[in-house]
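What follows is the content of query.csv (CSV, C-alpha atoms and all ligand atoms).
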```csv
chain,number,residue,atom,x,y,z
A,1,MET,CA,0.0,0.0,0.0
A,2,LYS,CA,1.4,3.3,-1.0
A,3,VAL,CA,0.8,6.6,0.8
A,4,HIS,CA,0.2,8.6,-2.4
A,5,TRP,CA,-2.9,9.2,-4.4
A,6,ILE,CA,-4.8,6.2,-5.9
A,7,PRO,CA,-7.8,6.5,-8.1
A,8,GLY,CA,-11.0,6.6,-6.1
A,9,ALA,CA,-9.4,5.7,-2.8
A,10,SER,CA,-10.7,7.7,0.1
A,11,LEU,CA,-8.6,8.3,3.2
A,12,GLY,CA,-11.0,6.0,5.0
A,13,ILE,CA,-10.5,3.1,2.6
A,14,ALA,CA,-6.7,3.7,2.8
A,15,ALA,CA,-6.8,3.6,6.6
A,16,LEU,CA,-8.9,0.5,6.6
A,17,TYR,CA,-6.6,-1.1,4.1
A,18,LEU,CA,-3.5,-0.3,6.1
A,19,GLY,CA,-5.3,-1.7,9.1
A,20,VAL,CA,-6.0,-5.0,7.3
A,21,LEU,CA,-2.4,-5.4,6.3
A,22,GLY,CA,-1.3,-4.5,9.9
A,23,ILE,CA,0.8,-1.5,8.8
A,24,GLY,CA,1.3,1.6,10.8
A,25,PHE,CA,2.8,4.9,9.8
A,26,SER,CA,5.8,4.4,12.1
A,27,HIS,CA,8.6,4.8,9.7
A,28,PRO,CA,10.5,8.1,10.5
A,29,ASN,CA,10.5,9.1,6.8
A,30,LEU,CA,6.8,9.4,6.8
A,31,ARG,CA,6.7,12.2,9.4
A,32,THR,CA,8.3,14.6,6.9
A,33,TYR,CA,6.9,12.9,3.9
A,34,ALA,CA,4.6,14.9,1.6
A,35,PRO,CA,2.6,12.6,-0.8
A,36,PRO,CA,2.6,13.7,-4.4
A,37,THR,CA,-0.7,15.1,-5.6
A,38,ALA,CA,-2.9,13.4,-8.2
A,39,PRO,CA,-1.6,13.5,-11.8
A,40,PRO,CA,-2.7,16.9,-13.2
A,41,ASN,CA,-5.8,16.9,-15.3
A,42,THR,CA,-4.4,19.4,-17.7
A,43,LEU,CA,-4.5,16.7,-20.4
A,44,GLY,CA,-8.2,16.5,-20.1
A,45,TRP,CA,-8.2,12.8,-19.2
A,46,LYS,CA,-10.3,12.1,-16.2
A,47,ALA,CA,-9.3,9.3,-13.9
A,48,PRO,CA,-12.0,6.7,-13.3
A,49,SER,CA,-13.7,6.9,-10.0
A,50,SER,CA,-14.7,4.0,-7.7
A,51,GLU,CA,-18.3,5.1,-8.1
A,52,ASP,CA,-18.1,4.0,-11.8
A,53,ILE,CA,-17.4,0.4,-10.8
A,54,PRO,CA,-20.5,-1.6,-11.8
A,55,ALA,CA,-22.6,-3.5,-9.2
A,56,GLY,CA,-22.6,-7.2,-8.8
A,57,ALA,CA,-20.1,-9.9,-10.0
A,58,PRO,CA,-18.4,-7.7,-12.7
A,59,GLY,CA,-17.7,-5.0,-10.1
A,60,GLU,CA,-16.4,-7.6,-7.6
A,61,LEU,CA,-13.9,-8.8,-10.2
A,62,ILE,CA,-12.7,-5.2,-10.9
A,63,ARG,CA,-12.3,-4.6,-7.1
A,64,SER,CA,-10.4,-7.9,-6.8
A,65,GLY,CA,-8.1,-6.9,-9.6
A,66,ARG,CA,-7.5,-3.5,-8.0
A,67,ARG,CA,-6.5,-5.3,-4.7
A,68,ILE,CA,-4.1,-7.6,-6.5
A,69,PHE,CA,-2.7,-4.7,-8.3
A,70,ARG,CA,-2.0,-2.6,-5.2
A,71,ALA,CA,-0.8,-5.5,-2.9
A,72,THR,CA,0.2,-8.4,-5.2
A,73,PRO,CA,2.2,-10.4,-2.6
A,74,TRP,CA,-0.9,-10.5,-0.3
A,75,PHE,CA,-3.7,-11.0,-2.8
A,76,ALA,CA,-1.9,-13.2,-5.3
A,77,SER,CA,0.3,-14.9,-2.7
A,78,ASP,CA,0.4,-18.3,-4.5
A,79,HIS,CA,2.1,-16.7,-7.5
A,80,ALA,CA,4.1,-13.6,-6.5
A,81,GLY,CA,7.7,-14.6,-5.8
A,82,ASN,CA,8.8,-11.3,-4.2
A,83,LYS,CA,7.5,-8.3,-2.3
A,84,LEU,CA,6.7,-6.1,-5.2
A,85,SER,CA,3.2,-5.0,-6.2
A,86,CYS,CA,2.1,-4.1,-9.7
A,87,GLY,CA,1.5,-0.6,-8.4
A,88,ASP,CA,5.1,-0.2,-7.3
A,89,CYS,CA,6.1,0.3,-10.9
A,90,HIS,CA,2.7,1.2,-12.5
A,91,LEU,CA,2.1,4.2,-10.3
A,92,ALA,CA,-1.2,5.5,-8.9
A,93,GLY,CA,-3.0,2.3,-9.5
A,94,GLY,CA,-1.8,2.1,-13.1
A,95,ILE,CA,-2.9,5.6,-14.3
A,96,ALA,CA,0.1,7.8,-13.7
A,97,PRO,CA,1.7,9.0,-16.9
A,98,TYR,CA,5.3,7.8,-17.8
A,99,SER,CA,5.3,4.9,-15.3
A,100,SER,CA,4.1,2.4,-17.9
A,101,PRO,CA,0.5,3.2,-17.2
A,102,LEU,CA,-2.1,0.6,-18.2
A,103,VAL,CA,-4.8,3.0,-19.3
A,104,GLY,CA,-5.8,2.1,-22.9
A,105,VAL,CA,-3.4,-0.9,-23.0
A,106,PRO,CA,-6.0,-3.6,-23.8
A,107,GLU,CA,-6.8,-2.2,-27.2
A,108,LEU,CA,-3.0,-2.5,-28.2
A,109,PHE,CA,-3.1,-6.2,-27.9
A,110,PRO,CA,-2.5,-8.7,-29.5
A,111,MET,CA,0.9,-7.2,-30.4
A,112,TYR,CA,4.3,-8.5,-31.5
A,113,ASN,CA,6.7,-8.9,-28.6
A,114,SER,CA,10.4,-9.0,-29.4
A,115,ARG,CA,11.3,-10.6,-26.1
A,116,ALA,CA,8.9,-13.4,-26.6
A,117,GLY,CA,9.5,-13.6,-30.3
A,118,HIS,CA,5.8,-13.9,-31.2
A,119,VAL,CA,2.5,-12.1,-31.0
A,120,ILE,CA,1.2,-11.9,-27.5
A,121,SER,CA,-2.1,-11.2,-25.8
A,122,LEU,CA,-2.7,-8.9,-22.8
A,123,GLU,CA,-2.8,-12.0,-20.6
A,124,ASP,CA,0.6,-13.0,-22.0
A,125,ARG,CA,1.9,-9.6,-21.1
A,126,ILE,CA,0.6,-9.8,-17.6
A,127,GLN,CA,2.2,-13.2,-17.3
A,128,GLU,CA,5.5,-11.6,-18.3
A,129,CYS,CA,5.3,-9.2,-15.3
A,130,PHE,CA,4.4,-12.2,-13.1
A,131,THR,CA,7.4,-14.3,-14.0
A,132,ARG,CA,9.9,-11.4,-14.3
A,133,SER,CA,8.9,-8.3,-12.4
A,134,GLU,CA,7.1,-10.3,-9.7
A,135,ASN,CA,9.8,-13.1,-9.9
A,136,GLY,CA,6.8,-15.4,-9.6
A,137,THR,CA,5.1,-18.4,-11.2
A,138,PRO,CA,2.7,-18.2,-14.1
A,139,ILE,CA,-1.0,-17.6,-13.3
A,140,ASP,CA,-3.8,-19.6,-14.9
A,141,TYR,CA,-5.2,-17.7,-17.9
A,142,ASN,CA,-8.7,-18.5,-16.8
A,143,GLY,CA,-8.0,-18.3,-13.1
A,144,PRO,CA,-9.3,-15.7,-10.7
A,145,GLU,CA,-6.1,-13.5,-10.5
A,146,MET,CA,-5.8,-13.2,-14.3
A,147,ARG,CA,-9.6,-12.5,-14.8
A,148,ALA,CA,-9.5,-9.9,-12.0
A,149,LEU,CA,-6.4,-8.1,-13.3
A,150,VAL,CA,-7.8,-8.0,-16.9
A,151,ALA,CA,-11.1,-6.7,-15.6
A,152,TYR,CA,-9.4,-4.0,-13.6
A,153,ILE,CA,-7.2,-2.9,-16.5
A,154,GLU,CA,-10.2,-2.9,-18.9
A,155,TRP,CA,-12.1,-0.8,-16.4
A,156,LEU,CA,-9.2,1.8,-16.2
A,157,SER,CA,-9.3,1.9,-20.0
A,158,LYS,CA,-13.1,2.2,-20.5
A,159,PRO,CA,-13.8,4.9,-23.0
A,160,GLU,CA,-16.4,7.3,-21.7
A,161,PRO,CA,-17.9,10.5,-23.1
A,162,GLY,CA,-15.9,13.4,-21.7
A,163,ARG,CA,-12.9,11.2,-21.0
A,164,LYS,CA,-10.2,12.4,-23.4
A,165,LYS,CA,-7.3,10.4,-24.8
A,166,PHE,CA,-4.8,9.5,-22.2
A,167,ALA,CA,-1.3,10.9,-22.6
A,168,GLY,CA,1.9,9.6,-21.1
A,169,ARG,CA,2.1,6.0,-22.3
A,170,GLY,CA,5.3,4.0,-21.5
A,171,LEU,CA,8.2,5.8,-19.9
A,172,VAL,CA,9.9,9.1,-20.7
A,173,LYS,CA,12.3,9.0,-23.6
A,174,LEU,CA,15.9,9.7,-22.4
A,175,PRO,CA,19.0,10.0,-24.6
A,176,GLY,CA,21.3,6.9,-24.4
A,177,LEU,CA,23.9,7.8,-21.8
A,178,THR,CA,26.8,6.0,-20.1
A,179,PRO,CA,26.1,5.4,-16.4
A,180,ASP,CA,28.7,6.1,-13.8
A,181,PRO,CA,27.8,3.7,-10.9
A,182,ARG,CA,30.3,5.4,-8.5
A,183,ARG,CA,28.5,8.7,-8.8
A,184,GLY,CA,25.3,6.6,-8.7
A,185,ALA,CA,26.3,5.2,-5.3
A,186,LEU,CA,26.6,8.8,-3.9
A,187,ILE,CA,23.2,9.7,-5.3
A,188,TYR,CA,21.7,6.5,-3.9
A,189,GLY,CA,23.0,7.2,-0.4
A,190,GLU,CA,21.8,10.8,-0.4
A,191,GLN,CA,18.5,10.5,-2.2
A,192,CYS,CA,17.2,7.0,-2.2
A,193,ALA,CA,18.4,5.1,0.8
A,194,GLY,CA,16.1,7.0,3.2
A,195,CYS,CA,13.1,5.1,1.7
A,196,HIS,CA,14.6,2.1,-0.1
A,197,GLY,CA,17.2,1.3,2.6
A,198,THR,CA,21.0,1.2,2.4
A,199,ASN,CA,20.7,-2.5,1.6
A,200,GLY,CA,18.0,-1.9,-1.1
A,201,ALA,CA,15.4,-3.9,0.8
A,202,GLY,CA,13.0,-1.0,1.3
A,203,LEU,CA,10.4,-1.1,3.9
A,204,VAL,CA,7.6,-3.3,2.6
A,205,PRO,CA,4.9,-2.4,1.7
A,206,GLN,CA,5.4,1.3,1.9
A,207,PHE,CA,8.8,1.4,0.2
A,208,PRO,CA,9.5,-1.4,-2.3
A,209,PRO,CA,12.8,-3.3,-2.5
A,210,LEU,CA,15.2,-2.3,-5.3
A,211,TRP,CA,17.5,-5.4,-5.1
A,212,GLY,CA,18.0,-8.6,-3.1
A,213,PRO,CA,15.7,-11.6,-2.8
A,214,ASP,CA,12.4,-9.6,-2.7
A,215,SER,CA,13.1,-7.6,-5.8
A,216,PHE,CA,12.3,-8.2,-9.5
A,217,ASN,CA,14.5,-10.8,-11.3
A,218,ASP,CA,17.2,-10.2,-14.0
A,219,GLY,CA,14.7,-11.0,-16.8
A,220,ALA,CA,12.5,-7.9,-15.9
A,221,GLY,CA,12.3,-4.8,-18.1
A,222,THR,CA,13.3,-2.7,-15.1
A,223,ASN,CA,16.6,-4.7,-15.0
A,224,GLN,CA,17.6,-2.8,-18.2
A,225,ILE,CA,19.5,0.3,-17.2
A,226,PRO,CA,17.9,2.6,-19.8
A,227,LYS,CA,14.4,1.5,-18.7
A,228,MET,CA,15.1,1.9,-15.0
A,229,ALA,CA,16.8,5.3,-15.7
A,230,ALA,CA,13.6,6.5,-17.5
A,231,PHE,CA,11.4,5.3,-14.7
A,232,ILE,CA,13.6,7.0,-12.1
A,233,GLU,CA,14.1,10.3,-14.0
A,234,HIS,CA,10.3,10.9,-14.1
A,235,ASN,CA,9.1,9.2,-10.9
A,236,MET,CA,11.8,9.3,-8.3
A,237,PRO,CA,12.8,10.4,-5.6
A,238,GLN,CA,9.2,10.0,-4.8
A,239,ASN,CA,9.1,13.0,-2.5
A,240,ARG,CA,11.0,15.2,-5.0
A,241,THR,CA,10.2,14.1,-8.5
A,242,GLY,CA,11.7,15.9,-11.4
A,243,THR,CA,14.9,16.9,-9.6
A,244,LEU,CA,17.3,14.4,-11.2
A,245,THR,CA,19.0,15.0,-14.5
A,246,ALA,CA,18.9,12.2,-17.1
A,247,GLN,CA,22.6,11.6,-16.3
A,248,GLN,CA,22.0,11.2,-12.6
A,249,ALA,CA,19.1,8.8,-13.3
A,250,TYR,CA,21.5,6.7,-15.4
A,251,ASP,CA,24.2,6.8,-12.7
A,252,VAL,CA,21.9,5.6,-10.0
A,253,ALA,CA,20.3,3.0,-12.3
A,254,GLY,CA,23.9,1.8,-13.0
A,255,TYR,CA,24.6,1.5,-9.3
A,256,ILE,CA,21.4,-0.4,-8.6
A,257,HIS,CA,22.2,-2.7,-11.6
A,258,GLN,CA,25.4,-3.8,-9.9
A,259,GLN,CA,23.6,-5.2,-6.9
A,260,PRO,CA,22.4,-8.8,-6.6
A,261,ARG,CA,18.9,-9.9,-7.5
A,262,PRO,CA,17.0,-13.2,-8.3
A,263,ALA,CA,17.7,-14.9,-11.6
A,264,PHE,CA,14.9,-15.3,-14.2
A,265,ASN,CA,13.7,-18.9,-14.4
A,266,PRO,CA,14.4,-20.0,-18.0
A,267,ALA,CA,11.4,-22.4,-17.8
A,268,TYR,CA,9.3,-19.3,-18.3
A,269,GLU,CA,11.2,-18.1,-21.4
A,270,ASN,CA,8.0,-18.0,-23.4
A,271,TYR,CA,6.6,-15.2,-21.3
A,301,LIG,C1,9.5,-4.0,-11.2
A,301,LIG,C2,8.5,-3.2,-11.9
A,301,LIG,C3,7.2,-3.8,-12.4
A,301,LIG,C4,6.3,-4.6,-11.7
A,301,LIG,C5,6.4,-5.0,-10.2
A,301,LIG,C6,5.2,-4.9,-12.6
A,301,LIG,N1,5.5,-4.3,-13.8
A,301,LIG,FE1,4.3,-4.4,-15.4
A,301,LIG,N2,5.7,-3.4,-16.5
A,301,LIG,C7,6.9,-2.9,-16.0
A,301,LIG,C8,7.6,-2.2,-17.1
A,301,LIG,C9,9.0,-1.5,-16.9
A,301,LIG,C10,6.8,-2.3,-18.2
A,301,LIG,C11,7.2,-1.8,-19.6
A,301,LIG,C12,8.1,-2.8,-20.1
A,301,LIG,C13,8.9,-2.6,-21.2
A,301,LIG,O1,8.8,-1.6,-21.9
A,301,LIG,O2,9.6,-3.6,-21.4
A,301,LIG,C14,5.7,-3.1,-17.8
A,301,LIG,C15,4.6,-3.4,-18.7
A,301,LIG,C16,3.4,-4.0,-18.4
A,301,LIG,C17,2.3,-4.2,-19.2
A,301,LIG,C18,2.3,-3.8,-20.7
A,301,LIG,C19,2.1,-2.3,-20.8
A,301,LIG,C20,2.3,-1.7,-22.2
A,301,LIG,O3,2.3,-0.5,-22.2
A,301,LIG,O4,2.4,-2.4,-23.1
A,301,LIG,C21,1.3,-4.8,-18.5
A,301,LIG,C22,-0.1,-5.1,-19.0
A,301,LIG,C23,1.8,-4.9,-17.2
A,301,LIG,N3,3.1,-4.5,-17.1
A,301,LIG,C24,1.1,-5.5,-16.1
A,301,LIG,C25,1.6,-5.7,-14.8
A,301,LIG,C26,0.9,-6.3,-13.8
A,301,LIG,C27,-0.5,-6.8,-13.8
A,301,LIG,C28,1.7,-6.4,-12.7
A,301,LIG,C29,1.5,-7.1,-11.4
A,301,LIG,C30,1.1,-8.5,-11.4
A,301,LIG,C31,3.0,-5.8,-13.1
A,301,LIG,N4,2.9,-5.3,-14.4
A,301,LIG,C32,4.1,-5.6,-12.3
A,301,LIG,C33,7.3,-3.0,-14.7
A,301,LIG,C34,6.7,-3.7,-13.7
A,302,LIG,C1,10.1,9.3,-0.2
A,302,LIG,C2,10.4,7.9,-0.4
A,302,LIG,C3,11.2,7.5,-1.6
A,302,LIG,C4,12.4,8.0,-2.1
A,302,LIG,C5,13.3,9.1,-1.5
A,302,LIG,C6,12.7,7.3,-3.3
A,302,LIG,N1,11.7,6.3,-3.6
A,302,LIG,FE1,11.7,5.0,-5.1
A,302,LIG,N2,9.9,4.4,-4.5
A,302,LIG,C7,9.2,4.9,-3.4
A,302,LIG,C8,7.8,4.3,-3.5
A,302,LIG,C9,6.8,4.5,-2.4
A,302,LIG,C10,7.8,3.5,-4.6
A,302,LIG,C11,6.6,2.7,-5.1
A,302,LIG,C12,5.9,3.5,-6.2
A,302,LIG,C13,5.1,4.7,-5.6
A,302,LIG,O1,4.2,4.4,-4.8
A,302,LIG,O2,5.3,5.8,-6.0
A,302,LIG,C14,9.1,3.6,-5.3
A,302,LIG,C15,9.4,2.9,-6.4
A,302,LIG,C16,10.7,2.8,-7.0
A,302,LIG,C17,11.1,1.9,-8.0
A,302,LIG,C18,10.2,0.9,-8.8
A,302,LIG,C19,9.8,-0.2,-7.9
A,302,LIG,C20,11.0,-1.1,-7.5
A,302,LIG,O3,11.1,-1.4,-6.2
A,302,LIG,O4,11.8,-1.6,-8.3
A,302,LIG,C21,12.4,2.3,-8.3
A,302,LIG,C22,13.3,1.6,-9.4
A,302,LIG,C23,12.8,3.3,-7.4
A,302,LIG,N3,11.7,3.6,-6.6
A,302,LIG,C24,14.0,3.9,-7.4
A,302,LIG,C25,14.4,5.0,-6.6
A,302,LIG,C26,15.6,5.7,-6.7
A,302,LIG,C27,16.7,5.4,-7.6
A,302,LIG,C28,15.6,6.7,-5.7
A,302,LIG,C29,16.6,7.8,-5.5
A,302,LIG,C30,17.0,8.6,-6.6
A,302,LIG,C31,14.3,6.6,-5.1
A,302,LIG,N4,13.6,5.6,-5.6
A,302,LIG,C32,13.9,7.4,-4.0
A,302,LIG,C33,9.6,5.7,-2.5
A,302,LIG,C34,10.8,6.5,-2.6
```
The structure in this file should be written as structure tokens.
Ligand code: HEC
Ligand code: HEC
Amino acid sequence: MKVHWIPGASLGIAALYLGVLGIGFSHPNLRTYAPPTAPPNTLGWKAPSSEDIPAGAPGELIRSGRRIFRATPWFASDHAGNKLSCGDCHLAGGIAPYSSPLVGVPELFPMYNSRAGHVISLEDRIQECFTRSENGTPIDYNGPEMRALVAYIEWLSKPEPGRKKFAGRGLVKLPGLTPDPRRGALIYGEQCAGCHGTNGAGLVPQFPPLWGPDSFNDGAGTNQIPKMAAFIEHNMPQNRTGTLTAQQAYDVAGYIHQQPRPAFNPAYENY
């Protein structure tokens, strides 16, 4: 559970949710911590609201998908292999621009995927994040987790009158730079370790791990320095976004890339 804005989440729900997970705001960083505001609506795109969730079984599926998305190790515990939630990388519940948002993604599938070497479905793509970013095991395509996640992503993407085209797909485009991991180590110590820990383990679930056994594996997209740098440049440090230069983002990504993490299981090469 993150302490920043999530579509449709009221403070009450957030508090209840933290209660369910048994989490308190005890970490010292949180005393001085100012959560970022909701993504600006200047683009005209309106975030879906919880009130738009339909009643009955279809609505339950969407809510279940939202829970899995926000707290994957707890709500998809049989398949998540680490302590990362989808929402740790797809920010604000999958709607924040330039954090690989999932708004409008269903209509892009099926698409050719160079990593898989063939055309993949949305379910295949979710599976990739399960076996790589979540360092987990594949989920059943017709099982409850997959159906719930697809329902949630489709709900985020539902076209509605007055809801304009979403802008900010993927990650920001940075020039290709050469990272300097030694400079990155200094940046990490000054600007990242306060939340993610000097050992990279974070403080789950408020602050996700960046390396070590509870992080993504070496087959994940985020394990590529340019992708991690692009994520970091736009989205981190979470309390002061937009302050790092592209070079600094590369440097710190280069440093993180030198640290140990789980190995991708080649049995899942197809995902
Ligand atoms: C460690 C970070 C991380 C985690 C955790 C993660 N993802 Fe991703 N995901 C990414 C990145 C980075 C991309 C874009 C990948 C690329 O360009 O290779 C992506 C792409 C995707 C896409 C395709 C989006 C597009 O624009 O084509 C989907 C769908 C997706 N993720 C779903 C999920 C779901 C569902 C979960 C949780 C079960 C999850 N991800 C967990 C990092 C993550
Ligand atoms: C104020 C606390 C805070 C600081 C400082 C901070 N982060 Fe984060 N970071 C978070 C949180 C919380 C998330 C999960 C996404 C979200 O909720 O915004 C996150 C997510 C991430 C992720 C993707 C998820 C993962 O675990 O792989 C990366 C990579 C990352 N941070 C790198 C950095 C780097 C590099 C710095 C320093 C330049 C930094 N962060 C500074 C709080 C912080």
Can you list every residue of chain A that has an atom at most 6 Å from ligand LIG 301 (chain A), with its nearest atom pair and the distance in Å to one decimal, using only C-alpha atoms and all ligand atoms, ordered by chain then number, as a Markdown table?
```
| residue | atom | partner | partner_atom | distance |
| --- | --- | --- | --- | --- |
| A:Phe69 | CA | A:LIG301 | C29 | 5.7 |
| A:Leu84 | CA | A:LIG301 | C5 | 5.1 |
| A:Ser85 | CA | A:LIG301 | C5 | 5.1 |
| A:Cys86 | CA | A:LIG301 | C29 | 3.5 |
| A:Asp88 | CA | A:LIG301 | C5 | 5.8 |
| A:Cys89 | CA | A:LIG301 | C2 | 4.4 |
| A:Ser100 | CA | A:LIG301 | C10 | 5.4 |
| A:Leu102 | CA | A:LIG301 | C19 | 5.7 |
| A:Val105 | CA | A:LIG301 | O3 | 5.8 |
| A:Leu122 | CA | A:LIG301 | C22 | 6.0 |
| A:Arg125 | CA | A:LIG301 | C22 | 5.4 |
| A:Ile126 | CA | A:LIG301 | C24 | 4.6 |
| A:Cys129 | CA | A:LIG301 | C31 | 4.7 |
| A:Phe130 | CA | A:LIG301 | C30 | 5.2 |
| A:Ser133 | CA | A:LIG301 | C1 | 4.5 |
| A:Glu134 | CA | A:LIG301 | C5 | 5.4 |
| A:Gly170 | CA | A:LIG301 | O3 | 5.5 |
| A:Phe216 | CA | A:LIG301 | C1 | 5.3 |
| A:Gly221 | CA | A:LIG301 | O2 | 4.4 |
| A:Thr222 | CA | A:LIG301 | C9 | 4.8 |
```
>> With distances taken over all atoms listed in the file, which residue among A:Gln191, A:Asn217, A:Ser99, A:Thr241 lies nearest ligand LIG 302 (chain A)?
In response: A:Gln191
> Got a sec to check which residues lie within 8 Å of ligand LIG 302 (chain A), using only C-alpha atoms and all ligand atoms, and send them as a VMD selection string?
Replying inline: chain A and resid 1 to 4 29 to 30 33 84 87 to 92 187 to 188 190 to 196 202 206 to 211 215 to 216 222 228 231 to 232 235 to 240 244 249 252 to 253 256
> Expressed in Å to a single decimal, how great is the separation between CA of Ala185 in chain A and CA of Gly212 in chain A?
Replying inline: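 Computing it gives 16.3 Å between the two atoms.
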> If you measure from CA of Glu145 in chain A to CA of Gly81 in chain A, what distance in Å do you get, rounded to one decimal?
Replying inline: 14.6 Å
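Among the candidates A:Lys173, A:Lys158, A:Arg182, A:Lys164, the one nearest to Gly104 in chain A when counting only C-alpha atoms is A:Lys158.
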> A:Leu108, A:Ala263, A:Ser114, A:Gly184: which is nearest Arg169 in chain A, counting all atoms listed in the file?
Replying inline: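 For Arg169 in chain A, the nearest of the candidates is A:Leu108.
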> How many Å lie between CA of Asn265 in chain A and CA of Ala116 in chain A, rounded to one decimal?
Replying inline: 14.2 Å
>> I want to know what sits within 12 Å of Glu123 in chain A, based on only C-alpha atoms, with residues of the same chain fewer than 6 positions away left out; could you give that as a PyMOL selection string?
In response: chain A and resi 105-106+109-111+129-130+138-143+145-151+153-154+271
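Taking all atoms listed in the file into account, Ile62 in chain A lies nearest to A:Leu156 out of the set A:Asp218, A:Ala80, A:Leu156, A:Gly176.
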> Any idea what's packed within 7 Å of Gly254 in chain A, counting only C-alpha atoms, ignoring anything in its chain fewer than 5 positions away? Could you give it as number ranges by chain?
Replying inline: A: 179-181, 184, 225
